[in-house]
file data09.txt (compact mmCIF, C-alpha atoms and all ligand atoms)
# COMPACT_ATOMS: atom_id res chain seq x y z
CA MET A 1 78.43 84.21 94.97
CA SER A 2 79.78 83.51 91.52
CA LYS A 3 83.33 84.60 90.88
CA LEU A 4 84.05 87.94 89.26
CA LYS A 5 85.56 87.87 85.80
CA LEU A 6 88.97 89.56 85.76
CA ALA A 7 90.88 90.49 82.60
CA THR A 8 94.35 91.96 82.41
CA VAL A 9 95.61 93.62 79.25
CA TRP A 10 99.05 94.68 78.04
CA LEU A 11 99.18 97.71 75.73
CA ASP A 12 102.30 99.91 75.36
CA GLY A 13 104.04 99.06 78.61
CA CYS A 14 107.05 96.98 79.63
CA SER A 15 105.06 94.16 81.34
CA GLY A 16 106.43 95.40 84.67
CA CYS A 17 102.91 95.98 85.97
CA HIS A 18 102.02 92.37 85.22
CA MET A 19 105.22 91.24 86.94
CA SER A 20 104.31 93.27 89.99
CA PHE A 21 100.80 91.81 89.87
CA LEU A 22 102.38 88.32 89.99
CA ASP A 23 104.54 89.49 92.90
CA MET A 24 101.41 89.20 95.04
CA ASP A 25 102.75 85.63 95.36
CA GLU A 26 100.70 83.44 97.70
CA ARG A 27 98.06 86.14 97.96
CA LEU A 28 97.15 85.23 94.38
CA ILE A 29 95.79 81.95 95.67
CA ALA A 30 93.34 83.74 97.94
CA LEU A 31 92.48 86.10 95.11
CA ALA A 32 91.76 83.14 92.83
CA GLU A 33 88.95 82.20 95.23
CA LEU A 34 87.24 85.47 94.36
CA VAL A 35 87.99 86.00 90.67
CA ASP A 36 88.43 84.06 87.47
CA VAL A 37 91.14 85.35 85.18
CA VAL A 38 89.29 85.19 81.87
CA TYR A 39 91.77 87.04 79.68
CA SER A 40 95.42 88.00 80.23
CA PRO A 41 98.92 87.65 78.77
CA ILE A 42 99.32 84.89 81.37
CA VAL A 43 96.32 82.81 80.23
CA ASP A 44 95.62 81.33 76.84
CA THR A 45 92.41 83.08 75.74
CA LYS A 46 92.98 84.90 72.47
CA VAL A 47 89.83 86.98 72.23
CA PHE A 48 88.64 89.55 74.77
CA PRO A 49 85.46 88.10 76.35
CA ASP A 50 82.08 89.77 75.92
CA GLU A 51 81.51 90.36 79.61
CA VAL A 52 84.27 91.22 82.02
CA ASP A 53 83.75 92.58 85.53
CA ILE A 54 87.16 94.12 86.14
CA ALA A 55 89.71 94.91 83.43
CA LEU A 56 93.22 95.91 84.47
CA VAL A 57 94.98 97.70 81.64
CA GLU A 58 98.74 98.13 81.58
CA GLY A 59 100.37 100.46 79.07
CA ALA A 60 99.67 103.65 77.17
CA VAL A 61 97.84 103.92 73.86
CA ALA A 62 100.63 104.21 71.28
CA SER A 63 99.41 102.50 68.10
CA VAL A 64 96.23 102.14 66.06
CA ASP A 65 96.03 98.63 67.46
CA ASP A 66 96.14 99.85 71.08
CA GLU A 67 93.39 102.30 70.24
CA LYS A 68 91.16 99.59 68.81
CA LYS A 69 91.83 97.33 71.79
CA ILE A 70 91.10 99.90 74.47
CA LYS A 71 87.75 100.76 72.88
CA LYS A 72 86.81 97.09 72.77
CA ILE A 73 87.94 96.55 76.36
CA ARG A 74 85.84 99.49 77.51
CA ALA A 75 82.78 98.26 75.68
CA HIS A 76 82.97 94.86 77.37
CA SER A 77 84.12 95.73 80.90
CA LYS A 78 82.09 96.92 83.86
CA LEU A 79 85.08 98.41 85.67
CA LEU A 80 88.16 99.63 83.86
CA VAL A 81 91.34 100.10 85.88
CA ALA A 82 94.30 102.05 84.47
CA MET A 83 97.19 100.03 85.89
CA GLY A 84 100.51 101.78 86.25
CA ASP A 85 101.98 105.08 85.07
CA CYS A 86 101.98 104.25 81.32
CA ALA A 87 98.23 103.65 81.34
CA VAL A 88 97.61 106.52 83.76
CA ALA A 89 99.97 109.17 82.40
CA GLY A 90 101.78 107.99 79.27
CA ASN A 91 105.05 107.61 81.20
CA VAL A 92 108.11 106.21 79.38
CA PRO A 93 106.33 105.39 76.08
CA SER A 94 105.24 109.04 75.90
CA MET A 95 108.84 110.26 76.02
CA ARG A 96 108.82 110.17 72.25
CA ASN A 97 105.98 112.68 72.04
CA PRO A 98 108.07 115.85 71.79
CA ILE A 99 110.02 114.48 68.80
CA GLY A 100 107.42 112.30 67.07
CA PRO A 101 107.37 108.67 65.90
CA GLU A 102 109.49 109.13 62.75
CA ALA A 103 112.54 110.14 64.75
CA ILE A 104 112.20 107.07 66.96
CA LEU A 105 111.65 104.64 64.09
CA ASP A 106 114.58 106.15 62.28
CA ARG A 107 116.90 105.77 65.25
CA ALA A 108 115.85 102.16 65.88
CA TYR A 109 115.62 100.77 62.37
CA ILE A 110 117.93 102.91 60.25
CA GLU A 111 120.60 104.69 62.28
CA ASN A 112 121.32 101.87 64.70
CA ALA A 113 120.80 98.97 62.28
CA ASP A 114 123.76 97.19 60.68
CA VAL A 115 121.80 95.18 58.14
CA GLN A 116 118.34 95.39 56.53
CA ARG A 117 117.90 99.08 57.13
CA GLN A 118 114.15 99.55 56.73
CA ILE A 119 111.22 100.64 58.79
CA PRO A 120 108.74 97.79 59.32
CA CYS A 121 105.40 98.50 57.68
CA VAL A 122 103.59 95.17 57.35
CA VAL A 123 102.00 93.18 60.23
CA VAL A 124 103.15 95.68 62.89
CA PRO A 125 100.51 98.30 63.72
CA LYS A 126 101.05 101.93 62.76
CA LEU A 127 102.22 104.17 65.58
CA LEU A 128 100.05 107.08 66.64
CA ARG A 129 101.64 110.51 66.39
CA VAL A 130 101.23 111.05 70.13
CA VAL A 131 101.26 108.43 72.89
CA ARG A 132 98.44 109.09 75.35
CA PRO A 133 97.08 107.74 78.62
CA ILE A 134 94.02 105.54 78.24
CA HIS A 135 91.60 108.03 79.82
CA GLU A 136 92.13 110.30 76.80
CA PHE A 137 90.35 107.60 74.74
CA VAL A 138 87.83 105.95 77.04
CA LYS A 139 86.31 106.45 80.47
CA VAL A 140 88.51 105.01 83.21
CA ASP A 141 86.95 104.05 86.54
CA VAL A 142 90.02 103.59 88.73
CA PHE A 143 93.55 104.99 88.36
CA LEU A 144 96.44 103.11 89.96
CA PRO A 145 99.62 105.10 89.35
CA GLY A 146 103.07 103.66 90.03
CA CYS A 147 105.90 102.33 87.90
CA PRO A 148 104.94 99.68 88.64
CA PRO A 149 102.34 99.82 91.42
CA SER A 150 103.67 97.54 94.16
CA ALA A 151 102.28 94.10 94.87
CA ASP A 152 100.88 95.51 98.11
CA THR A 153 99.12 98.24 96.14
CA PHE A 154 97.62 95.65 93.80
CA HIS A 155 96.52 93.54 96.70
CA ALA A 156 94.88 96.41 98.60
CA ALA A 157 93.24 97.84 95.48
CA LEU A 158 91.93 94.53 94.12
CA THR A 159 90.65 93.48 97.52
CA ALA A 160 88.74 96.76 97.77
CA LEU A 161 87.37 96.48 94.22
CA VAL A 162 86.28 92.86 94.64
CA THR A 163 84.68 93.34 98.04
CA GLY A 164 83.26 96.80 97.31
CA GLU A 165 85.17 98.34 100.23
CA PRO A 166 86.26 101.99 99.81
CA LEU A 167 89.55 102.47 97.99
CA ASP A 168 91.91 105.35 98.84
CA VAL A 169 94.40 105.26 95.98
CA PRO A 170 96.64 108.24 97.00
CA ALA A 171 97.20 106.52 100.35
CA LEU A 172 98.66 103.56 98.45
CA THR A 173 100.66 104.90 95.54
CA ARG A 174 101.71 107.87 93.38
CA PHE A 175 103.35 108.64 90.03
CA GLY A 176 106.78 107.02 89.89
CA ALA A 177 106.19 104.87 92.98
CA MET B 1 113.24 149.01 120.12
CA SER B 2 110.81 151.51 121.59
CA THR B 3 108.13 151.14 118.94
CA SER B 4 105.25 149.06 120.25
CA VAL B 5 104.30 146.04 118.22
CA ASP B 6 101.03 146.39 116.34
CA VAL B 7 99.12 143.20 117.12
CA LYS B 8 96.30 141.89 114.93
CA THR B 9 93.82 139.25 115.96
CA LEU B 10 92.26 137.00 113.34
CA LEU B 11 90.62 133.64 112.79
CA ILE B 12 92.21 130.88 110.73
CA ASP B 13 89.94 127.86 110.28
CA GLY B 14 87.97 129.01 113.29
CA GLN B 15 91.04 129.19 115.50
CA GLU B 16 91.78 132.57 117.09
CA VAL B 17 95.37 133.61 116.44
CA SER B 18 97.37 136.78 116.89
CA ALA B 19 99.87 138.23 114.46
CA ARG B 20 102.16 141.18 114.01
CA SER B 21 101.09 143.80 111.52
CA GLY B 22 102.60 143.10 108.10
CA GLN B 23 102.82 139.34 108.54
CA THR B 24 101.40 137.17 105.80
CA ILE B 25 98.58 134.69 106.35
CA LEU B 26 101.06 131.90 105.60
CA GLU B 27 103.53 133.07 108.27
CA VAL B 28 100.83 133.27 110.89
CA ALA B 29 99.36 129.90 109.89
CA LYS B 30 102.81 128.29 110.19
CA GLU B 31 103.41 129.81 113.62
CA ASN B 32 100.17 128.20 114.71
CA ASP B 33 100.78 124.81 113.09
CA ILE B 34 98.02 125.29 110.53
CA TYR B 35 99.09 123.65 107.28
CA ILE B 36 98.65 125.45 103.96
CA PRO B 37 100.14 123.73 100.88
CA THR B 38 102.85 125.80 99.14
CA LEU B 39 105.21 125.34 96.24
CA CYS B 40 106.91 128.56 95.14
CA HIS B 41 107.23 129.80 98.72
CA LEU B 42 110.38 128.85 100.58
CA ASP B 43 111.28 129.93 104.10
CA GLY B 44 114.23 132.31 103.77
CA LEU B 45 113.35 133.75 100.35
CA SER B 46 111.12 136.65 99.33
CA ASP B 47 107.62 135.68 98.15
CA VAL B 48 106.33 136.14 94.61
CA GLY B 49 102.95 134.38 94.64
CA ALA B 50 103.77 132.43 91.49
CA CYS B 51 102.16 129.03 91.99
CA ARG B 52 98.83 129.89 93.69
CA LEU B 53 98.81 126.61 95.55
CA CYS B 54 98.51 128.44 98.86
CA VAL B 55 95.15 130.05 98.02
CA VAL B 56 92.77 130.62 100.93
CA GLU B 57 89.34 132.17 101.35
CA ILE B 58 88.72 135.35 103.32
CA LYS B 59 85.24 135.97 104.69
CA GLY B 60 83.42 138.81 102.99
CA ASN B 61 85.31 138.47 99.73
CA ASN B 62 84.57 136.09 96.90
CA LYS B 63 88.12 136.13 95.54
CA LEU B 64 90.79 133.62 96.47
CA PHE B 65 93.95 134.96 98.11
CA PRO B 66 97.47 133.53 97.96
CA ALA B 67 98.40 133.15 101.64
CA CYS B 68 102.12 133.72 101.04
CA VAL B 69 101.65 137.29 99.76
CA THR B 70 98.50 138.41 101.57
CA SER B 71 98.97 140.43 104.76
CA VAL B 72 96.77 139.92 107.77
CA PHE B 73 94.30 142.51 109.03
CA GLU B 74 92.35 142.89 112.24
CA GLY B 75 89.28 140.68 112.39
CA MET B 76 90.20 138.75 109.24
CA GLU B 77 88.50 135.34 108.94
CA VAL B 78 90.55 132.90 106.88
CA THR B 79 89.54 129.43 105.70
CA THR B 80 92.27 127.16 104.34
CA VAL B 81 90.31 124.01 103.49
CA THR B 82 87.13 124.11 101.41
CA GLU B 83 85.90 122.08 98.46
CA ARG B 84 86.47 125.07 96.19
CA LEU B 85 90.08 125.52 97.35
CA GLN B 86 90.82 121.84 96.97
CA LYS B 87 89.43 121.89 93.46
CA HIS B 88 91.67 124.82 92.55
CA ARG B 89 94.77 123.29 94.13
CA LEU B 90 94.22 120.05 92.29
CA THR B 91 93.72 121.87 88.99
CA ILE B 92 96.94 123.86 89.51
CA LEU B 93 98.87 120.65 90.09
CA GLU B 94 97.33 119.04 87.02
CA MET B 95 98.31 122.06 84.93
CA LEU B 96 101.88 121.81 86.20
CA PHE B 97 102.05 118.13 85.27
CA ALA B 98 100.51 118.70 81.83
CA GLU B 99 102.52 121.79 80.94
CA ARG B 100 105.98 120.21 80.48
CA ASN B 101 107.28 116.64 80.49
CA HIS B 102 107.13 114.97 83.88
CA ILE B 103 108.09 111.32 83.71
CA CYS B 104 108.47 110.57 87.41
CA SER B 105 109.63 106.98 86.97
CA VAL B 106 112.84 108.08 85.24
CA CYS B 107 113.29 111.46 86.96
CA VAL B 108 116.31 112.24 89.11
CA ALA B 109 113.94 113.71 91.72
CA ASN B 110 111.64 110.68 91.95
CA GLY B 111 110.79 110.20 95.61
CA HIS B 112 112.23 113.59 96.64
CA CYS B 113 110.09 115.95 94.57
CA GLU B 114 107.77 118.54 96.07
CA LEU B 115 105.46 118.51 93.04
CA GLN B 116 105.12 114.75 93.21
CA THR B 117 104.55 114.79 96.97
CA LEU B 118 101.97 117.57 96.73
CA GLY B 119 100.17 115.69 93.98
CA GLN B 120 99.84 112.63 96.17
CA GLU B 121 98.90 114.67 99.21
CA GLN B 122 96.16 116.54 97.31
CA GLY B 123 94.72 113.27 96.00
CA LEU B 124 95.92 113.50 92.41
CA THR B 125 95.77 110.09 90.70
CA HIS B 126 95.73 111.26 87.07
CA VAL B 127 95.79 114.43 85.00
CA ARG B 128 92.50 115.31 83.35
CA LEU B 129 94.04 117.86 81.00
CA PRO B 130 95.72 116.72 77.79
CA TYR B 131 99.51 116.65 78.04
CA ARG B 132 101.23 119.35 75.99
CA ASN B 133 104.43 117.38 75.28
CA PRO B 134 106.59 120.40 74.41
CA GLU B 135 110.09 119.91 73.05
CA LEU B 136 112.43 121.48 75.61
CA PRO B 137 116.20 121.69 76.00
CA VAL B 138 118.46 120.37 78.74
CA ASP B 139 121.44 122.54 79.68
CA ALA B 140 124.27 120.24 80.79
CA SER B 141 127.06 122.73 80.09
CA HIS B 142 127.85 123.30 83.78
CA GLU B 143 130.57 121.07 85.16
CA ARG B 144 128.64 120.18 88.31
CA PHE B 145 124.94 120.72 87.68
CA THR B 146 122.24 120.27 85.03
CA LEU B 147 119.11 122.29 84.22
CA ASP B 148 116.36 120.17 82.67
CA HIS B 149 113.61 122.49 81.41
CA ASN B 150 111.29 119.49 81.03
CA ARG B 151 110.87 119.38 84.81
CA CYS B 152 110.83 123.11 85.58
CA ILE B 153 107.62 124.50 87.06
CA MET B 154 108.69 128.17 86.94
CA CYS B 155 108.52 128.64 90.70
CA THR B 156 111.53 131.03 90.43
CA ARG B 157 113.06 129.81 93.66
CA CYS B 158 116.39 129.48 91.81
CA VAL B 159 116.14 133.08 90.57
CA ARG B 160 115.47 134.36 94.06
CA VAL B 161 118.07 132.31 95.93
CA CYS B 162 120.81 133.24 93.48
CA ALA B 163 119.95 136.96 93.54
CA GLU B 164 118.92 137.37 97.17
CA ILE B 165 121.16 134.94 99.04
CA GLU B 166 124.15 134.15 96.85
CA GLY B 167 124.22 137.64 95.31
CA ALA B 168 125.23 136.32 91.89
CA HIS B 169 121.89 136.78 90.10
CA VAL B 170 122.66 134.21 87.45
CA TRP B 171 119.05 133.19 86.82
CA ASP B 172 116.23 135.17 85.30
CA VAL B 173 112.92 134.59 83.55
CA MET B 174 112.64 135.02 79.79
CA GLY B 175 109.41 135.14 77.77
CA ARG B 176 105.82 135.27 78.90
CA GLY B 177 103.10 132.93 80.07
CA ILE B 178 103.37 129.33 79.05
CA ASP B 179 106.51 130.09 76.99
CA SER B 180 108.52 131.50 79.90
CA MET B 181 111.86 129.90 80.58
CA ILE B 182 114.56 130.14 83.20
CA ILE B 183 117.76 131.52 81.65
CA SER B 184 121.27 132.04 82.98
CA ASP B 185 122.86 135.47 82.57
CA LEU B 186 121.78 136.93 79.21
CA HIS B 187 120.58 133.59 77.90
CA GLU B 188 123.99 131.95 77.82
CA GLU B 189 124.93 128.40 78.70
CA TRP B 190 124.99 127.89 82.45
CA GLY B 191 128.54 126.56 82.19
CA LYS B 192 129.68 129.87 80.69
CA SER B 193 127.69 132.07 83.06
CA SER B 194 128.78 134.06 86.11
CA CYS B 195 127.71 131.16 88.36
CA THR B 196 129.86 130.78 91.51
CA ARG B 197 129.05 127.04 91.69
CA CYS B 198 127.59 127.40 95.18
CA GLY B 199 124.78 124.91 94.47
CA LYS B 200 122.10 126.87 96.32
CA CYS B 201 119.68 126.86 93.38
CA VAL B 202 119.98 123.09 93.13
CA GLN B 203 119.13 122.66 96.80
CA VAL B 204 116.05 124.90 96.65
CA CYS B 205 114.65 123.64 93.35
CA PRO B 206 111.52 121.70 94.32
CA THR B 207 111.65 119.35 91.33
CA GLY B 208 114.14 117.49 89.18
CA ALA B 209 114.77 120.59 87.03
CA LEU B 210 118.05 121.49 88.74
CA PHE B 211 120.22 118.61 89.82
CA ASP B 212 123.69 117.64 90.79
CA LYS B 213 125.46 115.60 88.11
CA SER B 214 127.00 113.30 90.69
CA LYS B 215 123.56 112.10 91.78
CA ILE B 216 121.62 109.39 90.05
CA GLY B 217 118.17 107.89 90.27
CA SER B 218 116.46 108.24 93.59
CA ASP B 219 119.64 109.36 95.34
CA HIS B 220 118.95 113.09 95.19
CA PRO B 221 117.22 114.46 98.27
CA LYS B 222 117.48 118.24 98.58
CA TYR B 223 118.12 120.30 101.67
CA PRO B 224 116.46 123.71 101.29
CA ASP B 225 116.25 124.14 105.08
CA PHE B 226 119.80 125.52 105.10
CA LEU B 227 118.26 128.86 104.10
CA PRO B 228 116.58 130.11 107.31
CA ASN B 229 119.69 129.07 109.25
CA LEU B 230 121.98 130.89 106.88
CA ASN B 231 119.80 134.01 107.11
CA LEU B 232 119.85 133.83 110.92
CA MET B 233 123.64 133.57 110.99
CA ARG B 234 123.97 136.53 108.65
CA GLU B 235 121.58 138.62 110.74
CA ALA B 236 123.60 137.82 113.84
CA GLN B 237 126.79 139.18 112.28
S1 LIG C 301 110.16 116.77 88.68
FE1 LIG C 301 108.91 115.68 90.17
S2 LIG C 301 106.88 115.56 89.23
FE2 LIG C 301 108.34 116.07 87.60
S3 LIG C 301 108.98 114.09 86.75
FE3 LIG C 301 110.45 114.59 88.36
S4 LIG C 301 109.63 113.55 90.19
FE4 LIG C 301 107.95 113.67 88.71
S1 LIG C 302 125.11 127.54 91.77
FE1 LIG C 302 125.44 129.30 90.41
S2 LIG C 302 123.42 129.69 89.55
FE2 LIG C 302 123.09 128.39 91.35
S3 LIG C 302 122.72 129.80 93.07
FE3 LIG C 302 124.93 129.39 93.05
S4 LIG C 302 125.79 131.04 91.77
FE4 LIG C 302 123.60 131.00 91.36
S1 LIG C 303 114.62 125.43 87.81
FE1 LIG C 303 113.69 124.61 89.68
S2 LIG C 303 113.80 126.32 91.14
FE2 LIG C 303 114.12 127.18 89.11
S3 LIG C 303 112.08 127.84 88.44
FE3 LIG C 303 112.41 125.78 87.63
S4 LIG C 303 111.51 124.44 89.16
FE4 LIG C 303 111.77 126.42 90.15
S1 LIG C 304 103.24 129.38 97.74
FE1 LIG C 304 101.92 131.09 97.63
S2 LIG C 304 101.71 131.39 95.51
FE2 LIG C 304 103.16 129.77 95.59

call {"tool": "encode", "arguments": {"input": "data09.txt", "output": "structure tokens"}}
result
Amino acid sequence: MSKLKLATVWLDGCSGCHMSFLDMDERLIALAELVDVVYSPIVDTKVFPDEVDIALVEGAVASVDDEKKIKKIRAHSKLLVAMGDCAVAGNVPSMRNPIGPEAILDRAYIENADVQRQIPCVVVPKLLRVVRPIHEFVKVDVFLPGCPPSADTFHAALTALVTGEPLDVPALTRFGA
Amino acid sequence: MSTSVDVKTLLIDGQEVSARSGQTILEVAKENDIYIPTLCHLDGLSDVGACRLCVVEIKGNNKLFPACVTSVFEGMEVTTVTERLQKHRLTILEMLFAERNHICSVCVANGHCELQTLGQEQGLTHVRLPYRNPELPVDASHERFTLDHNRCIMCTRCVRVCAEIEGAHVWDVMGRGIDSMIISDLHEEWGKSSCTRCGKCVQVCPTGALFDKSKIGSDHPKYPDFLPNLNLMREAQ
């Protein structure tokens, strides 16, 4: 059996989900027998591959860039997994939603800045008005809540997804876990 | 005690059970160790049927009935678990999550929240409805406690415990529908209200909406089970 192609993506999240993924420790070695990591913040590939079997997406959709990325990821992935509360529910990045992006930018770059008071507008992507979970943009196949989902959750879920065994997510994790 | 007890016989999930006239389906189910999910109900308080999580089916009627406010009758056939009921319960939970701002990872009730636990128990892994993201206030004017409207699910347990058990009636509901809010006294700051600082509302609040200022992070379990005991002691007096 050829190895499955696994991608992991980091949108508007804190990287905690990726850290927890790495916390699988020696179990990663066994996992590497079953999957090839073809795209991830922890490998060097710059462009999302054309064909991915499983894509794990951390983070909410908060900018025009995130929105473009998630659509591309969906188009090129057989199975899309929303990894962690930000991807699943918006979570901490969505805490700005009631007050809007201007208020946040203002606080960070004007109010709290000592020098160079200005809101960045080149190179950095424009923020969306409302931060949303990824399933509000594209179809998501598997939801793994948790902030972050534990290494054990990752291990159980990935094992099930790779082997095709049934996966009972609520038995493993919940919002805020 | 000369009046004879009026006994009803009914079926809950195919199990024959007997009940006293006037008991609710929920009471009888509990006595017989049949689990029905609840949220606004709390043993020791009156019932208002606010959350609808406890809905059950009754044979011969196409409507759904909230078990906490529906009285039993002779020959009643109740079903507590069906696909239709599960669908409704899940939708109710999703609406509660989408209605205000629930960010479990940074909530004082994380790990001790009845909404969160029910979500997991009912198989909720994500919310299909769009989040509303309303802008809501936090009342931190009280010296010991805080009310965070972002986490309130309008179960009115706080209203009932304060009026029925503490006798202070600090809390009430203002507004209608999705705009309703819990208010203290005549919409004053909690810190300036007639609150006796007993803390009962904090203990019965199922979520992180009412919390003790001295608690942080996941260090805030609540102990609503003081209520039936307190009621028993009062009855004995
Ligand atoms: S009140 Fe409960 S469901 Fe809401 S954010 Fe807090 S822990 Fe989560
Ligand atoms: S703490 Fe105050 S508001 Fe809460 S139940 Fe007691 S008297 Fe009522
Ligand atoms: S403050 Fe707590 S107890 Fe009161 S209505 Fe809101 S959720 Fe229920
Ligand atoms: S528990 Fe019956 S309606 Fe809330």

call {"tool": "atom_distance", "arguments": {"input": "data09.txt", "atom1": "atom CA of B:Leu147", "atom2": "atom CA of B:His102"}}
result
14.0 Å

call {"tool": "interface_residues", "arguments": {"input": "data09.txt", "of": "chain B", "to": "chain A", "cutoff": "9 Å", "atoms": "all atoms listed in the file", "output": "list in words"}}
result
Asn101, His102, Ile103, Cys104, Ser105, Val106, Cys107, Asn110, Gly111, Gln116, Thr117, Gly119, Gln120, Glu121, Gln122, Gly123, Leu124, Thr125, His126, Val127, Arg128, Leu129, Pro130, Tyr131, Arg132, Asn133, Pro134, Glu135 and Leu136 of chain B

call {"tool": "closest_atom_pairs", "arguments": {"input": "data09.txt", "of": "chain B", "to": "ligand LIG 304 (chain C)", "cutoff": "12 Å", "atoms": "all atoms listed in the file", "output": "CSV"}}
result
residue,atom,partner,partner_atom,distance
B:Thr24,CA,C:LIG304,FE1,10.2
B:Ile25,CA,C:LIG304,FE1,10.0
B:Leu26,CA,C:LIG304,FE1,8.1
B:Glu27,CA,C:LIG304,FE1,10.9
B:Tyr35,CA,C:LIG304,S1,11.9
B:Ile36,CA,C:LIG304,S1,8.7
B:Pro37,CA,C:LIG304,S1,7.2
B:Thr38,CA,C:LIG304,S1,3.9
B:Leu39,CA,C:LIG304,S1,4.7
B:Cys40,CA,C:LIG304,FE2,4.0
B:His41,CA,C:LIG304,S1,4.1
B:Leu42,CA,C:LIG304,S1,7.7
B:Asp43,CA,C:LIG304,S1,10.3
B:Leu45,CA,C:LIG304,S1,11.3
B:Ser46,CA,C:LIG304,S1,10.8
B:Asp47,CA,C:LIG304,FE1,7.3
B:Val48,CA,C:LIG304,S2,6.7
B:Gly49,CA,C:LIG304,S2,3.4
B:Ala50,CA,C:LIG304,S2,4.6
B:Cys51,CA,C:LIG304,FE2,3.8
B:Arg52,CA,C:LIG304,S2,3.7
B:Leu53,CA,C:LIG304,FE2,5.4
B:Cys54,CA,C:LIG304,FE1,4.5
B:Val55,CA,C:LIG304,FE1,6.9
B:Val56,CA,C:LIG304,FE1,9.7
B:Leu64,CA,C:LIG304,S2,11.2
B:Phe65,CA,C:LIG304,FE1,8.9
B:Pro66,CA,C:LIG304,FE1,5.1
B:Ala67,CA,C:LIG304,FE1,5.7
B:Cys68,CA,C:LIG304,FE1,4.3
B:Val69,CA,C:LIG304,FE1,6.6
B:Thr70,CA,C:LIG304,FE1,9.0
B:Arg89,CA,C:LIG304,FE2,10.7
B:Ile92,CA,C:LIG304,FE2,10.5
B:Leu93,CA,C:LIG304,FE2,11.5
B:Glu114,CA,C:LIG304,S1,11.9
B:Leu115,CA,C:LIG304,FE2,11.8
B:Leu118,CA,C:LIG304,S1,11.9
B:Ile153,CA,C:LIG304,FE2,11.0
B:Met154,CA,C:LIG304,FE2,10.4
B:Cys155,CA,C:LIG304,FE2,7.3
B:Thr156,CA,C:LIG304,FE2,9.9
B:Arg157,CA,C:LIG304,FE2,10.1
B:Pro206,CA,C:LIG304,FE2,11.7

call {"tool": "residues_around", "arguments": {"input": "data09.txt", "residues": "stretch 218-228 of chain B", "least_positions_apart": "3", "cutoff": "9 Å", "atoms": "all atoms listed in the file", "output": "list in words"}}
result
Leu42, Asp43, Gly44, Leu45, Cys107, Val108, Ala109, Asn110, Gly111, His112, Cys113, Val161, Ile165, Lys200, Val202, Gln203, Val204, Cys205, Pro206, Gly208, Phe211, Asp212, Lys215, Asn231, Leu232 and Met233 of chain B

call {"tool": "residues_around", "arguments": {"input": "data09.txt", "residues": "A:Lys78", "least_positions_apart": "5", "cutoff": "12 Å", "atoms": "only C-alpha atoms", "output": "VMD selection string"}}
result
chain A and resid 4 to 7 50 to 56 73 139 to 142 161

call {"tool": "closest_residue", "arguments": {"input": "data09.txt", "among": "B:Glu166, B:Glu99, B:Glu143, B:Glu16", "to": "ligand LIG 301 (chain C)", "atoms": "all atoms listed in the file"}}
result
B:Glu99

call {"tool": "atom_distance", "arguments": {"input": "data09.txt", "atom1": "atom CA of A:Ile42", "atom2": "atom CA of A:Leu11"}}
result
14.0 Å

call {"tool": "residues_near_ligand", "arguments": {"input": "data09.txt", "ligand": "ligand LIG 302 (chain C)", "cutoff": "7 Å", "atoms": "all atoms listed in the file", "output": "number ranges by chain"}}
result
B: 158, 161-162, 166, 168-171, 195-202

call {"tool": "closest_residue", "arguments": {"input": "data09.txt", "among": "A:Phe137, A:Ala151, A:Arg107, A:Ala157", "to": "A:Ile70", "atoms": "only C-alpha atoms"}}
result
A:Phe137

call {"tool": "axis_aligned_box", "arguments": {"input": "data09.txt", "around": "stretch 152-169 of chain B", "padding_each_side": "8 Å", "output": "lines of an AutoDock Vina configuration file"}}
result
center_x = 116.4
center_y = 130.4
center_z = 92.3
size_x = 33.6
size_y = 30.5
size_z = 29.5

call {"tool": "closest_residue", "arguments": {"input": "data09.txt", "among": "B:Cys152, B:Ala236, B:Ala163, B:Leu11", "to": "ligand LIG 303 (chain C)", "atoms": "all atoms listed in the file"}}
result
B:Cys152

call {"tool": "residues_around", "arguments": {"input": "data09.txt", "residues": "B:Ile34", "least_positions_apart": "3", "cutoff": "9 Å", "atoms": "all atoms listed in the file", "output": "PyMOL selection string"}}
result
chain B and resi 12-13+26+28-31+80

call {"tool": "atom_distance", "arguments": {"input": "data09.txt", "atom1": "atom CA of A:Lys69", "atom2": "atom CA of A:Ser40"}}
result
13.1 Å

call {"tool": "closest_residue", "arguments": {"input": "data09.txt", "among": "B:His88, B:Asn32, B:Ile182, B:Gln23", "to": "B:Asp148", "atoms": "all atoms listed in the file"}}
result
B:Ile182

call {"tool": "residues_around", "arguments": {"input": "data09.txt", "residues": "A:Asp23", "least_positions_apart": "5", "cutoff": "9 Å", "atoms": "all atoms listed in the file", "output": "count of residues only"}}
result
5

call {"tool": "closest_residue", "arguments": {"input": "data09.txt", "among": "B:Ser141, B:Asn61, B:Thr207, B:Thr146", "to": "B:Glu77", "atoms": "all atoms listed in the file"}}
result
B:Asn61

call {"tool": "closest_residue", "arguments": {"input": "data09.txt", "among": "A:Leu167, A:Val64, A:Met83, A:Leu22", "to": "A:Val124", "atoms": "only C-alpha atoms"}}
result
A:Val64

call {"tool": "residues_around", "arguments": {"input": "data09.txt", "residues": "stretch 174-178 of chain B", "least_positions_apart": "5", "cutoff": "10 Å", "atoms": "only C-alpha atoms", "output": "number ranges by chain"}}
result
B: 99-100, 154, 183-184, 186-187
